[in-house]
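Below: final-v3.cif (mmCIF, C-alpha atoms)
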data_coords
loop_
_atom_site.label_atom_id
_atom_site.label_comp_id
_atom_site.auth_asym_id
_atom_site.auth_seq_id
_atom_site.Cartn_x
_atom_site.Cartn_y
_atom_site.Cartn_z
CA MET J 1 100.08 131.14 130.08
CA ASP J 2 103.24 130.27 128.15
CA GLU J 3 102.64 131.56 124.62
CA ASN J 4 105.43 129.42 123.18
CA LYS J 5 103.98 126.24 124.69
CA LEU J 6 100.53 127.15 123.38
CA GLN J 7 101.83 127.69 119.85
CA ALA J 8 103.83 124.47 120.00
CA PHE J 9 100.72 122.55 121.07
CA MET J 10 98.62 124.15 118.33
CA GLY J 11 101.24 123.11 115.81
CA LYS J 12 101.13 119.57 117.14
CA PHE J 13 97.33 119.49 117.05
CA VAL J 14 97.15 120.73 113.46
CA THR J 15 99.76 118.14 112.48
CA ASP J 16 97.76 115.38 114.16
CA MET J 17 94.48 116.55 112.65
CA GLY J 18 96.03 116.57 109.20
CA GLY J 19 97.44 113.10 109.82
CA ALA J 20 94.04 111.79 110.87
CA LEU J 21 92.44 113.14 107.70
CA MET J 22 95.28 111.72 105.60
CA MET J 23 94.24 108.27 106.78
CA GLY J 24 91.00 108.84 104.88
CA VAL J 25 92.98 109.96 101.85
CA VAL J 26 95.11 106.80 102.02
CA LEU J 27 92.01 104.63 102.38
CA ILE J 28 90.67 106.17 99.18
CA GLY J 29 93.93 105.50 97.37
CA ASP J 30 94.07 101.91 98.56
CA GLU J 31 90.42 101.16 97.84
CA LEU J 32 90.46 102.68 94.34
CA GLY J 33 93.87 101.35 93.33
CA LEU J 34 95.40 104.81 92.90
CA TYR J 35 98.67 103.94 94.62
CA LYS J 36 98.97 100.64 92.77
CA ALA J 37 98.49 102.52 89.48
CA MET J 38 101.53 104.64 90.39
CA ALA J 39 103.69 101.76 91.59
CA ASP J 40 105.83 101.76 88.44
CA GLY J 41 107.46 104.95 89.75
CA ARG J 42 106.85 106.98 86.62
CA PRO J 43 105.47 110.54 86.87
CA VAL J 44 101.78 110.76 86.07
CA GLY J 45 99.24 113.56 85.76
CA ALA J 46 95.81 113.71 87.34
CA ASP J 47 93.90 113.09 84.12
CA GLU J 48 95.99 110.05 83.20
CA LEU J 49 95.74 108.54 86.68
CA ALA J 50 92.01 109.17 86.75
CA ALA J 51 91.63 107.39 83.43
CA ARG J 52 93.67 104.40 84.64
CA CYS J 53 91.47 103.99 87.71
CA ARG J 54 88.18 105.20 86.22
CA CYS J 55 87.83 108.02 88.72
CA ASN J 56 86.80 111.67 88.60
CA PRO J 57 89.80 113.72 87.32
CA ARG J 58 89.15 116.76 89.52
CA LEU J 59 88.92 114.70 92.68
CA VAL J 60 92.02 112.74 91.70
CA ARG J 61 93.96 116.00 91.30
CA GLU J 62 92.93 117.10 94.79
CA TRP J 63 93.86 113.66 96.13
CA LEU J 64 97.28 113.91 94.48
CA ASP J 65 97.86 117.36 95.94
CA ALA J 66 96.94 116.15 99.42
CA ASN J 67 99.46 113.31 99.11
CA ALA J 68 102.13 115.68 97.81
CA ALA J 69 101.55 118.13 100.66
CA ALA J 70 101.85 115.25 103.15
CA GLY J 71 105.06 113.94 101.58
CA TYR J 72 103.44 110.67 100.52
CA LEU J 73 104.02 111.56 96.84
CA GLU J 74 106.52 113.80 95.08
CA HIS J 75 105.42 116.52 92.66
CA ALA J 76 107.42 118.26 89.93
CA ASP J 77 106.64 119.86 86.56
CA GLY J 78 102.97 118.95 86.72
CA GLY J 79 103.61 115.26 87.33
CA TYR J 80 103.22 113.16 90.47
CA HIS J 81 105.62 110.39 91.43
CA LEU J 82 105.33 107.60 94.02
CA PRO J 83 108.83 106.93 95.42
CA PRO J 84 109.78 103.25 95.87
CA GLU J 85 109.87 103.54 99.66
CA GLN J 86 106.30 104.84 99.80
CA ALA J 87 105.27 102.25 97.21
CA MET J 88 106.38 99.48 99.59
CA ALA J 89 104.04 100.84 102.25
CA LEU J 90 101.11 101.95 100.10
CA ALA J 91 101.04 99.86 96.92
CA ASP J 92 102.78 96.49 97.37
CA GLU J 93 100.60 93.87 99.07
CA SER J 94 103.56 91.48 99.24
CA SER J 95 105.67 93.97 101.20
CA PRO J 96 106.21 93.35 104.93
CA VAL J 97 105.48 97.05 105.53
CA PHE J 98 102.25 97.28 103.51
CA VAL J 99 100.23 99.45 105.87
CA ALA J 100 97.65 101.14 103.65
CA PRO J 101 94.76 98.80 104.63
CA GLY J 102 95.24 99.80 108.27
CA THR J 103 93.35 102.96 107.40
CA ASN J 104 90.20 100.81 107.44
CA VAL J 105 90.70 100.40 111.18
CA VAL J 106 90.90 104.18 111.57
CA GLY J 107 87.85 104.56 109.36
CA ALA J 108 85.87 102.10 111.45
CA CYS J 109 86.71 104.04 114.62
CA PHE J 110 85.23 107.21 113.16
CA THR J 111 82.27 105.42 111.58
CA ASP J 112 81.45 103.89 114.96
CA ILE J 113 82.12 107.02 117.02
CA ASP J 114 78.52 107.28 118.27
CA LYS J 115 78.73 103.70 119.55
CA VAL J 116 82.05 104.52 121.23
CA LEU J 117 80.51 107.60 122.86
CA ASP J 118 77.64 105.49 124.16
CA ALA J 119 80.19 103.08 125.64
CA PHE J 120 81.98 105.92 127.42
CA ARG J 121 78.68 107.23 128.80
CA GLY J 122 77.52 103.76 129.80
CA ASP J 123 79.11 100.55 131.04
CA GLY J 124 82.12 100.86 128.73
CA GLY J 125 81.19 97.91 126.56
CA LEU J 126 81.22 97.77 122.76
CA PRO J 127 81.51 94.23 121.34
CA TRP J 128 83.89 93.55 118.47
CA GLY J 129 81.08 92.25 116.29
CA GLN J 130 79.14 95.51 116.50
CA HIS J 131 81.82 97.49 114.68
CA HIS J 132 81.72 98.42 111.00
CA HIS J 133 82.85 95.65 108.64
CA ARG J 134 85.90 97.72 107.66
CA LEU J 135 87.40 96.91 111.05
CA PHE J 136 87.49 93.18 110.29
CA HIS J 137 88.70 93.68 106.72
CA GLY J 138 91.32 96.23 107.76
CA THR J 139 92.62 94.15 110.67
CA GLU J 140 93.22 91.17 108.39
CA LYS J 141 95.01 93.13 105.68
CA PHE J 142 97.00 95.26 108.13
CA PHE J 143 98.38 92.38 110.22
CA ARG J 144 98.89 89.82 107.44
CA PRO J 145 102.10 91.33 105.92
CA GLY J 146 103.84 91.33 109.30
CA TYR J 147 102.71 87.78 110.05
CA LYS J 148 103.82 86.64 106.61
CA ALA J 149 107.24 88.23 107.01
CA ARG J 150 107.97 87.10 110.58
CA LEU J 151 105.69 84.37 111.90
CA THR J 152 107.42 81.32 110.40
CA THR J 153 110.84 82.94 109.92
CA ALA J 154 111.40 84.56 113.32
CA TRP J 155 108.61 84.15 115.85
CA LEU J 156 108.06 80.39 115.78
CA PRO J 157 111.82 79.67 115.60
CA ALA J 158 112.23 81.75 118.77
CA LEU J 159 110.07 79.25 120.68
CA ASP J 160 111.97 76.34 122.17
CA GLY J 161 111.65 73.24 119.96
CA ILE J 162 108.33 74.00 118.27
CA VAL J 163 109.57 74.19 114.67
CA ALA J 164 110.73 70.56 114.71
CA LYS J 165 107.31 69.51 116.00
CA LEU J 166 105.53 71.54 113.33
CA GLU J 167 107.67 70.03 110.59
CA ALA J 168 107.00 66.50 111.89
CA GLY J 169 103.27 67.12 112.37
CA ALA J 170 101.81 69.03 115.29
CA LYS J 171 98.35 70.00 116.46
CA VAL J 172 97.94 73.79 116.61
CA ALA J 173 95.19 76.14 117.77
CA ASP J 174 94.82 79.78 116.76
CA VAL J 175 92.48 81.37 119.32
CA GLY J 176 90.85 84.61 118.18
CA CYS J 177 91.84 83.81 114.60
CA GLY J 178 89.66 86.42 112.88
CA HIS J 179 89.87 85.98 109.11
CA GLY J 180 92.50 83.28 109.59
CA ALA J 181 95.55 85.04 108.17
CA SER J 182 97.93 83.73 110.84
CA THR J 183 96.43 80.21 110.75
CA ILE J 184 96.75 79.96 106.98
CA ILE J 185 100.34 81.25 106.93
CA MET J 186 101.35 78.50 109.37
CA ALA J 187 99.41 75.87 107.41
CA GLU J 188 101.12 76.88 104.16
CA THR J 189 104.55 76.38 105.74
CA TYR J 190 103.94 73.24 107.84
CA SER J 191 102.01 70.85 105.63
CA LYS J 192 102.20 67.89 108.04
CA SER J 193 100.54 69.76 110.91
CA ARG J 194 96.85 70.27 111.66
CA PHE J 195 95.47 73.71 112.48
CA PHE J 196 92.31 74.76 114.30
CA GLY J 197 91.14 78.37 114.26
CA PHE J 198 88.60 79.57 116.83
CA ASP J 199 86.80 82.90 116.88
CA ILE J 200 83.63 84.17 118.49
CA HIS J 201 82.74 86.33 115.44
CA VAL J 202 80.79 84.08 113.06
CA PRO J 203 81.19 86.26 109.91
CA SER J 204 84.96 86.24 110.39
CA VAL J 205 84.98 82.45 110.69
CA GLU J 206 83.08 82.21 107.41
CA VAL J 207 85.64 84.46 105.70
CA ALA J 208 88.47 82.38 107.20
CA ARG J 209 87.03 79.21 105.66
CA THR J 210 86.91 80.89 102.27
CA ARG J 211 90.49 82.13 102.65
CA ALA J 212 91.68 78.62 103.53
CA ALA J 213 90.02 77.17 100.44
CA GLU J 214 91.55 79.88 98.26
CA ALA J 215 95.00 79.16 99.73
CA GLY J 216 94.64 75.42 99.16
CA VAL J 217 95.03 74.46 102.82
CA ALA J 218 91.44 73.56 103.70
CA ASP J 219 92.46 69.91 104.06
CA ARG J 220 94.53 70.70 107.16
CA VAL J 221 92.77 73.76 108.60
CA THR J 222 89.46 73.79 110.49
CA PHE J 223 87.77 77.04 111.49
CA THR J 224 85.08 76.96 114.18
CA ALA J 225 82.95 79.64 115.79
CA ALA J 226 83.85 79.32 119.47
CA ALA J 227 84.72 81.55 122.39
CA ALA J 228 88.21 81.51 123.89
CA LYS J 229 86.86 79.41 126.77
CA GLY J 230 84.44 77.39 124.65
CA TYR J 231 86.35 75.10 122.27
CA ALA J 232 86.41 71.42 123.20
CA GLU J 233 89.49 70.21 121.30
CA ARG J 234 92.42 68.98 123.41
CA GLY J 235 95.98 67.76 122.99
CA PHE J 236 97.46 70.80 121.28
CA ASP J 237 101.23 71.09 120.88
CA LEU J 238 100.89 74.83 120.33
CA ILE J 239 98.14 77.33 121.07
CA CYS J 240 98.52 80.83 119.65
CA PHE J 241 96.96 84.13 120.65
CA PHE J 242 97.71 86.75 117.99
CA ASP J 243 97.04 90.31 119.14
CA CYS J 244 93.83 89.27 120.88
CA LEU J 245 94.30 88.22 124.52
CA HIS J 246 94.15 91.83 125.74
CA ASP J 247 90.79 92.23 123.94
CA MET J 248 89.15 89.46 125.93
CA GLY J 249 86.92 90.03 128.93
CA ASP J 250 88.50 87.16 130.83
CA PRO J 251 92.08 86.73 129.58
CA VAL J 252 92.98 84.69 132.67
CA GLY J 253 90.13 82.29 131.95
CA ALA J 254 91.08 82.10 128.27
CA ALA J 255 94.69 81.30 129.15
CA ARG J 256 93.58 78.74 131.77
CA HIS J 257 91.34 77.04 129.21
CA ALA J 258 94.26 76.95 126.77
CA ARG J 259 96.50 75.41 129.43
CA GLN J 260 93.98 72.62 129.93
CA ALA J 261 93.83 72.08 126.16
CA LEU J 262 97.61 71.68 125.79
CA SER J 263 99.44 68.40 125.58
CA ASP J 264 101.79 67.68 128.49
CA ASP J 265 104.74 69.37 126.77
CA GLY J 266 102.70 71.88 124.75
CA MET J 267 103.24 75.63 124.79
CA ILE J 268 101.49 78.95 124.29
CA MET J 269 102.67 81.59 121.84
CA LEU J 270 101.31 84.95 122.94
CA VAL J 271 101.71 87.85 120.49
CA GLU J 272 100.76 91.23 121.92
CA PRO J 273 101.26 94.88 120.93
CA PHE J 274 104.67 96.23 121.93
CA ALA J 275 104.40 97.98 125.29
CA GLY J 276 106.39 98.87 128.35
CA ASP J 277 105.01 98.61 131.85
CA SER J 278 104.06 102.27 132.39
CA VAL J 279 102.52 105.25 130.63
CA ALA J 280 105.96 106.87 130.63
CA ASP J 281 107.41 103.82 128.83
CA ASN J 282 104.64 104.03 126.24
CA SER J 283 104.69 107.78 125.62
CA ASN J 284 105.96 107.43 122.06
CA PRO J 285 104.41 107.17 118.57
CA VAL J 286 103.74 103.43 118.84
CA GLY J 287 102.26 103.73 122.33
CA ARG J 288 100.07 106.63 121.26
CA LEU J 289 98.70 104.61 118.35
CA PHE J 290 97.93 101.57 120.49
CA TYR J 291 96.41 103.54 123.38
CA ALA J 292 94.10 105.33 120.91
CA VAL J 293 92.96 102.11 119.23
CA SER J 294 92.56 100.47 122.62
CA SER J 295 90.32 103.30 123.84
CA MET J 296 87.89 102.81 120.95
CA ILE J 297 88.14 99.08 120.16
CA CYS J 298 90.13 96.80 122.47
CA THR J 299 89.10 97.92 125.93
CA PRO J 300 85.40 98.45 125.09
CA ASN J 301 85.33 94.93 123.65
CA SER J 302 86.80 93.52 126.85
CA LEU J 303 84.34 95.49 129.00
CA SER J 304 81.44 94.09 126.97
CA GLN J 305 82.28 90.52 128.02
CA GLU J 306 82.21 88.38 131.14
CA ILE J 307 84.65 89.60 133.84
CA GLY J 308 85.56 92.67 131.74
CA LEU J 309 89.17 92.87 132.94
CA GLY J 310 90.03 95.55 130.39
CA LEU J 311 93.75 94.83 130.00
CA GLY J 312 94.08 97.21 127.07
CA ALA J 313 96.53 97.08 124.17
CA GLN J 314 99.35 98.51 126.29
CA ALA J 315 99.19 95.97 129.10
CA GLY J 316 102.95 95.37 129.07
CA GLU J 317 105.06 92.33 129.89
CA ARG J 318 104.70 92.49 133.68
CA ARG J 319 100.90 92.47 133.64
CA LEU J 320 100.72 89.84 130.91
CA GLY J 321 103.05 87.66 132.96
CA THR J 322 100.70 88.04 135.92
CA VAL J 323 97.76 86.94 133.76
CA MET J 324 99.61 83.82 132.64
CA ALA J 325 100.73 83.02 136.19
CA GLU J 326 97.14 83.32 137.46
CA ALA J 327 96.14 80.94 134.66
CA GLY J 328 98.56 78.36 136.05
CA PHE J 329 101.60 78.71 133.82
CA SER J 330 104.91 78.27 135.64
CA ARG J 331 107.17 79.46 132.81
CA PHE J 332 106.76 82.69 130.88
CA ARG J 333 109.41 84.45 128.83
CA ARG J 334 109.80 87.03 126.09
CA ALA J 335 110.92 85.00 123.08
CA THR J 336 111.47 87.87 120.65
CA GLU J 337 110.08 91.26 119.67
CA THR J 338 109.57 93.74 116.85
CA PRO J 339 108.96 97.50 117.04
CA PHE J 340 105.22 96.69 117.08
CA ASN J 341 104.92 93.35 118.86
CA LEU J 342 106.07 91.36 121.87
CA ILE J 343 106.20 87.58 121.40
CA PHE J 344 106.03 85.41 124.53
CA GLU J 345 106.33 81.70 125.24
CA ALA J 346 104.37 80.14 128.13
CA ARG J 347 104.59 76.56 129.41
CA LYS J 348 102.91 74.57 132.14
#
Written as structure tokens, how would this file's structure read?
Amino acid sequence: MDENKLQAFMGKFVTDMGGALMMGVVLIGDELGLYKAMADGRPVGADELAARCRCNPRLVREWLDANAAAGYLEHADGGYHLPPEQAMALADESSPVFVAPGTNVVGACFTDIDKVLDAFRGDGGLPWGQHHHRLFHGTEKFFRPGYKARLTTAWLPALDGIVAKLEAGAKVADVGCGHGASTIIMAETYSKSRFFGFDIHVPSVEVARTRAAEAGVADRVTFTAAAAKGYAERGFDLICFFDCLHDMGDPVGAARHARQALSDDGMIMLVEPFAGDSVADNSNPVGRLFYAVSSMICTPNSLSQEIGLGLGAQAGERRLGTVMAEAGFSRFRRATETPFNLIFEARK
């Protein structure tokens, strides 16, 4: 027994346990508007913040102290201050790094832990639709800022020739669209194109329709409840898979169906979590996050479906390329990347 290694591990575990609990603290702050009420950057006391947000003053003081201890807030002379950098991440919904709603995903994992345990003890399957509603809400709000910042400014321009088609008027599918954030962002930018969102989760499709109406793009966006191998539309210039192909039971079949639905010169945009091709490549903070989420959400969802390939959120470029090749695509390349995503282009 190496005492130093033991103590180092215990320190790591306590740090991780505190971080996990802080996700609950952040969820509280996001849900109750506590961070937004501090976004002006001015020092505030617990009683004043509680009054602004109509919350219990004693609980707000404990919440503030937890944030200060974690370094999420700064504390001096009895006042608490939200620095502008933290405000971008925790209070500003227009920020490309607004991550606070992602705590809903963490919350759903813990809420559904008994279902996850049953999956581990059984056939491994836990369908997406059987999770707590916070998973769907949190996924939309967590991914939307990144899509809004990069989808039309960096990712689509990295695909060969697609922007000109979209500006002239293209036919686009968003498979596994969820609440439709990615579909709507594209529709807002490319008003001459038509967009079709498909998702197997009926409640999400209903939310997507509402979001499209609110955004004023319902005239060029159609959302339909359909599996990734079940939609009948054809002739697409672009078919997108945003952070979803690895969740599917039969990703090869989904990609093959998409290939058949493309126009002759159409293309696939595949957006997947950033990953290398080995556990060693992914032994870092981002890989740890994605492996953990994949253990409780992505892989169980895949195992609950036909084929149940179980790619997982850290499939990596090599394995994703194999999937696309098996689906019949002859060209597959990494178009661009971010610290959290890999963006691929596939053609017939």
Next item on the list: May I have the residues within 12 Å of Gln260 of chain J as a VMD selection string, using all atoms listed in the file and disregarding those fewer than 6 positions away in the same chain?
Entry: chain J and resid 229 to 237 239 253 to 254 266 to 268 327 to 329 347 to 348
Check: Using all atoms listed in the file, which of J:Gly287, J:Glu337, J:Val175, J:Arg331 sits nearest His257 of chain J?
Finding: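 Checking each of J:Gly287, J:Glu337, J:Val175, J:Arg331 against His257 of chain J, counting all atoms listed in the file, the winner is J:Val175.
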Checklist line | Residue contacts of segment 72-76 of chain J (12 Å, all atoms listed in the file) excluding same-chain residues fewer than 2 positions away, as a PyMOL selection string | finding: chain J and resi 19+22-23+25-26+29+34-35+38-39+41-46+61+63-70+78-91+100
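Proximity ranking of J:Val163, J:Leu262, J:Ala187, J:Ala225 relative to Ala213 of chain J places J:Ala187 first, based on all atoms listed in the file.
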Next item on the list: Give me the result of the PyMOL selection byres ((chain J and resi 188) around 10) on this file, residue by residue, as a list in words.
Entry: Thr152, Thr183, Ile184, Ile185, Met186, Ala187, Thr189, Tyr190, Ser191, Lys192, Ser193, Ala212, Ala215, Gly216, Val217, Arg220 and Val221 of chain J
May I have the residues from that selection written out with C-alpha atoms, as a PDB file, in the coordinates of the input?
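File written: again.pdb
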ATOM      1  CA  THR J 152     107.420  81.320 110.400  1.00  0.00           C
ATOM      2  CA  THR J 183      96.430  80.210 110.750  1.00  0.00           C
ATOM      3  CA  ILE J 184      96.750  79.960 106.980  1.00  0.00           C
ATOM      4  CA  ILE J 185     100.340  81.250 106.930  1.00  0.00           C
ATOM      5  CA  MET J 186     101.350  78.500 109.370  1.00  0.00           C
ATOM      6  CA  ALA J 187      99.410  75.870 107.410  1.00  0.00           C
ATOM      7  CA  THR J 189     104.550  76.380 105.740  1.00  0.00           C
ATOM      8  CA  TYR J 190     103.940  73.240 107.840  1.00  0.00           C
ATOM      9  CA  SER J 191     102.010  70.850 105.630  1.00  0.00           C
ATOM     10  CA  LYS J 192     102.200  67.890 108.040  1.00  0.00           C
ATOM     11  CA  SER J 193     100.540  69.760 110.910  1.00  0.00           C
ATOM     12  CA  ALA J 212      91.680  78.620 103.530  1.00  0.00           C
ATOM     13  CA  ALA J 215      95.000  79.160  99.730  1.00  0.00           C
ATOM     14  CA  GLY J 216      94.640  75.420  99.160  1.00  0.00           C
ATOM     15  CA  VAL J 217      95.030  74.460 102.820  1.00  0.00           C
ATOM     16  CA  ARG J 220      94.530  70.700 107.160  1.00  0.00           C
ATOM     17  CA  VAL J 221      92.770  73.760 108.600  1.00  0.00           C
TER      18      VAL J 221
END
Next item on the list: Please write the residues picked by the PyMOL selection byres ((chain J and resi 47) around 10) on this file as an MDAnalysis selection string.
Entry: chainID J and resid 44:46 48:52 54:58 60:61
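You can rank J:Val279, J:Ile28, J:Ala261, J:Met248 by their closest distance to Glu62 of chain J using all atoms listed in the file, and at the top of that list sits J:Ile28.
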Check: When you draw a straight line from atom CA of Leu126 of chain J to atom CA of Tyr147 of chain J, how long is it in Å?
Finding: 26.9 Å
Next item on the list: Find, counting all atoms listed in the file, the residue in J:Leu270, J:Leu21, J:Leu151, J:Ala173 that gets nearest to Phe196 of chain J.
Entry: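 With all atoms listed in the file as the atom set, the closest residue is J:Ala173.
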Checklist line | 9 Å contact set for Phe143 of chain J, only C-alpha atoms, chain neighbours under 4 positions out, as a PyMOL selection string | finding: chain J and resi 99+102+138-139+147-148+181-182
Next item on the list: Find the residues around Gly161 of chain J up to 12 Å (only C-alpha atoms counted), leave out those fewer than 3 positions away in its own chain, and share them as a PyMOL selection string.
Entry: chain J and resi 156-158+164-168+170+237-238+265-267+345
Give me a file of those residues, with C-alpha atoms, as a tab-separated table (two decimals), keeping the file's coordinate frame.
chain	number	residue	atom	x	y	z
J	156	LEU	CA	108.06	80.39	115.78
J	157	PRO	CA	111.82	79.67	115.60
J	158	ALA	CA	112.23	81.75	118.77
J	164	ALA	CA	110.73	70.56	114.71
J	165	LYS	CA	107.31	69.51	116.00
J	166	LEU	CA	105.53	71.54	113.33
J	167	GLU	CA	107.67	70.03	110.59
J	168	ALA	CA	107.00	66.50	111.89
J	170	ALA	CA	101.81	69.03	115.29
J	237	ASP	CA	101.23	71.09	120.88
J	238	LEU	CA	100.89	74.83	120.33
J	265	ASP	CA	104.74	69.37	126.77
J	266	GLY	CA	102.70	71.88	124.75
J	267	MET	CA	103.24	75.63	124.79
J	345	GLU	CA	106.33	81.70	125.24
Next item on the list: Take atom CA of Phe344 of chain J and atom CA of Met269 of chain J and report the distance between them in Å, one decimal.
Entry: 5.8 Å
Margin query: For Phe198 of chain J, find every residue with an atom within 8 Å (counting only C-alpha atoms), except residues of its own chain fewer than 4 positions away, and show them as an MDAnalysis selection string.
Written below: chainID J and resid 173:178 205 223:228 231
Go ahead and save the residues from that selection, with C-alpha atoms, as an mmCIF file, in the coordinates of the input.
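See result.cif below for the written result:
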data_model
loop_
_atom_site.group_PDB
_atom_site.id
_atom_site.type_symbol
_atom_site.label_atom_id
_atom_site.label_comp_id
_atom_site.auth_asym_id
_atom_site.auth_seq_id
_atom_site.Cartn_x
_atom_site.Cartn_y
_atom_site.Cartn_z
ATOM 1 C CA ALA J 173 95.190 76.140 117.770
ATOM 2 C CA ASP J 174 94.820 79.780 116.760
ATOM 3 C CA VAL J 175 92.480 81.370 119.320
ATOM 4 C CA GLY J 176 90.850 84.610 118.180
ATOM 5 C CA CYS J 177 91.840 83.810 114.600
ATOM 6 C CA GLY J 178 89.660 86.420 112.880
ATOM 7 C CA VAL J 205 84.980 82.450 110.690
ATOM 8 C CA PHE J 223 87.770 77.040 111.490
ATOM 9 C CA THR J 224 85.080 76.960 114.180
ATOM 10 C CA ALA J 225 82.950 79.640 115.790
ATOM 11 C CA ALA J 226 83.850 79.320 119.470
ATOM 12 C CA ALA J 227 84.720 81.550 122.390
ATOM 13 C CA ALA J 228 88.210 81.510 123.890
ATOM 14 C CA TYR J 231 86.350 75.100 122.270
#
Notebook entry, point to check: How many Å separate atom CA of Asp247 of chain J from atom CA of Gln305 of chain J?
Noted result: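 Between atom CA of Asp247 of chain J and atom CA of Gln305 of chain J the gap is 9.6 Å.
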Notebook entry, point to check: With only C-alpha atoms as the atoms that count, which of J:Val14, J:Val202, J:Leu27, J:Ile307 lies nearest to Trp128 of chain J?
Noted result: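 Nearest to Trp128 of chain J: J:Val202.
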Checklist line | Shortest interatomic distance to Leu309 of chain J - which of J:Leu245, J:Ala292, J:Ile343, J:Val106, counting only C-alpha atoms | finding: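 Looking at the shortest contact to Leu309 of chain J, the residue is J:Leu245.
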Incomplete segment 129-142 of chain J brought to N, CA and C atoms, written out as a PDB file, in the coordinates of the input:
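The file below, out04.pdb, is the result:
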ATOM      1  N   GLY J 129      81.984  92.525 117.401  1.00  0.00           N
ATOM      2  CA  GLY J 129      81.080  92.250 116.290  1.00  0.00           C
ATOM      3  C   GLY J 129      80.130  93.363 115.943  1.00  0.00           C
ATOM      4  N   GLN J 130      80.026  94.393 116.797  1.00  0.00           N
ATOM      5  CA  GLN J 130      79.140  95.510 116.500  1.00  0.00           C
ATOM      6  C   GLN J 130      79.825  96.649 115.764  1.00  0.00           C
ATOM      7  N   HIS J 131      81.109  96.470 115.443  1.00  0.00           N
ATOM      8  CA  HIS J 131      81.820  97.490 114.680  1.00  0.00           C
ATOM      9  C   HIS J 131      81.504  97.372 113.191  1.00  0.00           C
ATOM     10  N   HIS J 132      81.877  98.406 112.450  1.00  0.00           N
ATOM     11  CA  HIS J 132      81.720  98.420 111.000  1.00  0.00           C
ATOM     12  C   HIS J 132      82.588  97.332 110.380  1.00  0.00           C
ATOM     13  N   HIS J 133      82.129  96.776 109.255  1.00  0.00           N
ATOM     14  CA  HIS J 133      82.850  95.650 108.640  1.00  0.00           C
ATOM     15  C   HIS J 133      84.268  96.030 108.219  1.00  0.00           C
ATOM     16  N   ARG J 134      84.543  97.323 108.047  1.00  0.00           N
ATOM     17  CA  ARG J 134      85.900  97.720 107.660  1.00  0.00           C
ATOM     18  C   ARG J 134      86.920  97.376 108.747  1.00  0.00           C
ATOM     19  N   LEU J 135      86.475  97.273 109.983  1.00  0.00           N
ATOM     20  CA  LEU J 135      87.400  96.910 111.050  1.00  0.00           C
ATOM     21  C   LEU J 135      87.936  95.497 110.823  1.00  0.00           C
ATOM     22  N   PHE J 136      87.074  94.567 110.482  1.00  0.00           N
ATOM     23  CA  PHE J 136      87.490  93.180 110.290  1.00  0.00           C
ATOM     24  C   PHE J 136      88.366  93.049 109.047  1.00  0.00           C
ATOM     25  N   HIS J 137      87.948  93.690 107.972  1.00  0.00           N
ATOM     26  CA  HIS J 137      88.700  93.680 106.720  1.00  0.00           C
ATOM     27  C   HIS J 137      90.063  94.342 106.909  1.00  0.00           C
ATOM     28  N   GLY J 138      90.074  95.495 107.577  1.00  0.00           N
ATOM     29  CA  GLY J 138      91.320  96.230 107.760  1.00  0.00           C
ATOM     30  C   GLY J 138      92.284  95.520 108.684  1.00  0.00           C
ATOM     31  N   THR J 139      91.756  94.880 109.742  1.00  0.00           N
ATOM     32  CA  THR J 139      92.620  94.150 110.670  1.00  0.00           C
ATOM     33  C   THR J 139      93.334  93.014 109.954  1.00  0.00           C
ATOM     34  N   GLU J 140      92.609  92.268 109.136  1.00  0.00           N
ATOM     35  CA  GLU J 140      93.220  91.170 108.390  1.00  0.00           C
ATOM     36  C   GLU J 140      94.342  91.677 107.478  1.00  0.00           C
ATOM     37  N   LYS J 141      94.039  92.673 106.669  1.00  0.00           N
ATOM     38  CA  LYS J 141      95.010  93.130 105.680  1.00  0.00           C
ATOM     39  C   LYS J 141      96.169  93.896 106.307  1.00  0.00           C
ATOM     40  N   PHE J 142      95.935  94.511 107.473  1.00  0.00           N
ATOM     41  CA  PHE J 142      97.000  95.260 108.130  1.00  0.00           C
ATOM     42  C   PHE J 142      98.000  94.328 108.815  1.00  0.00           C
TER      43      PHE J 142
END
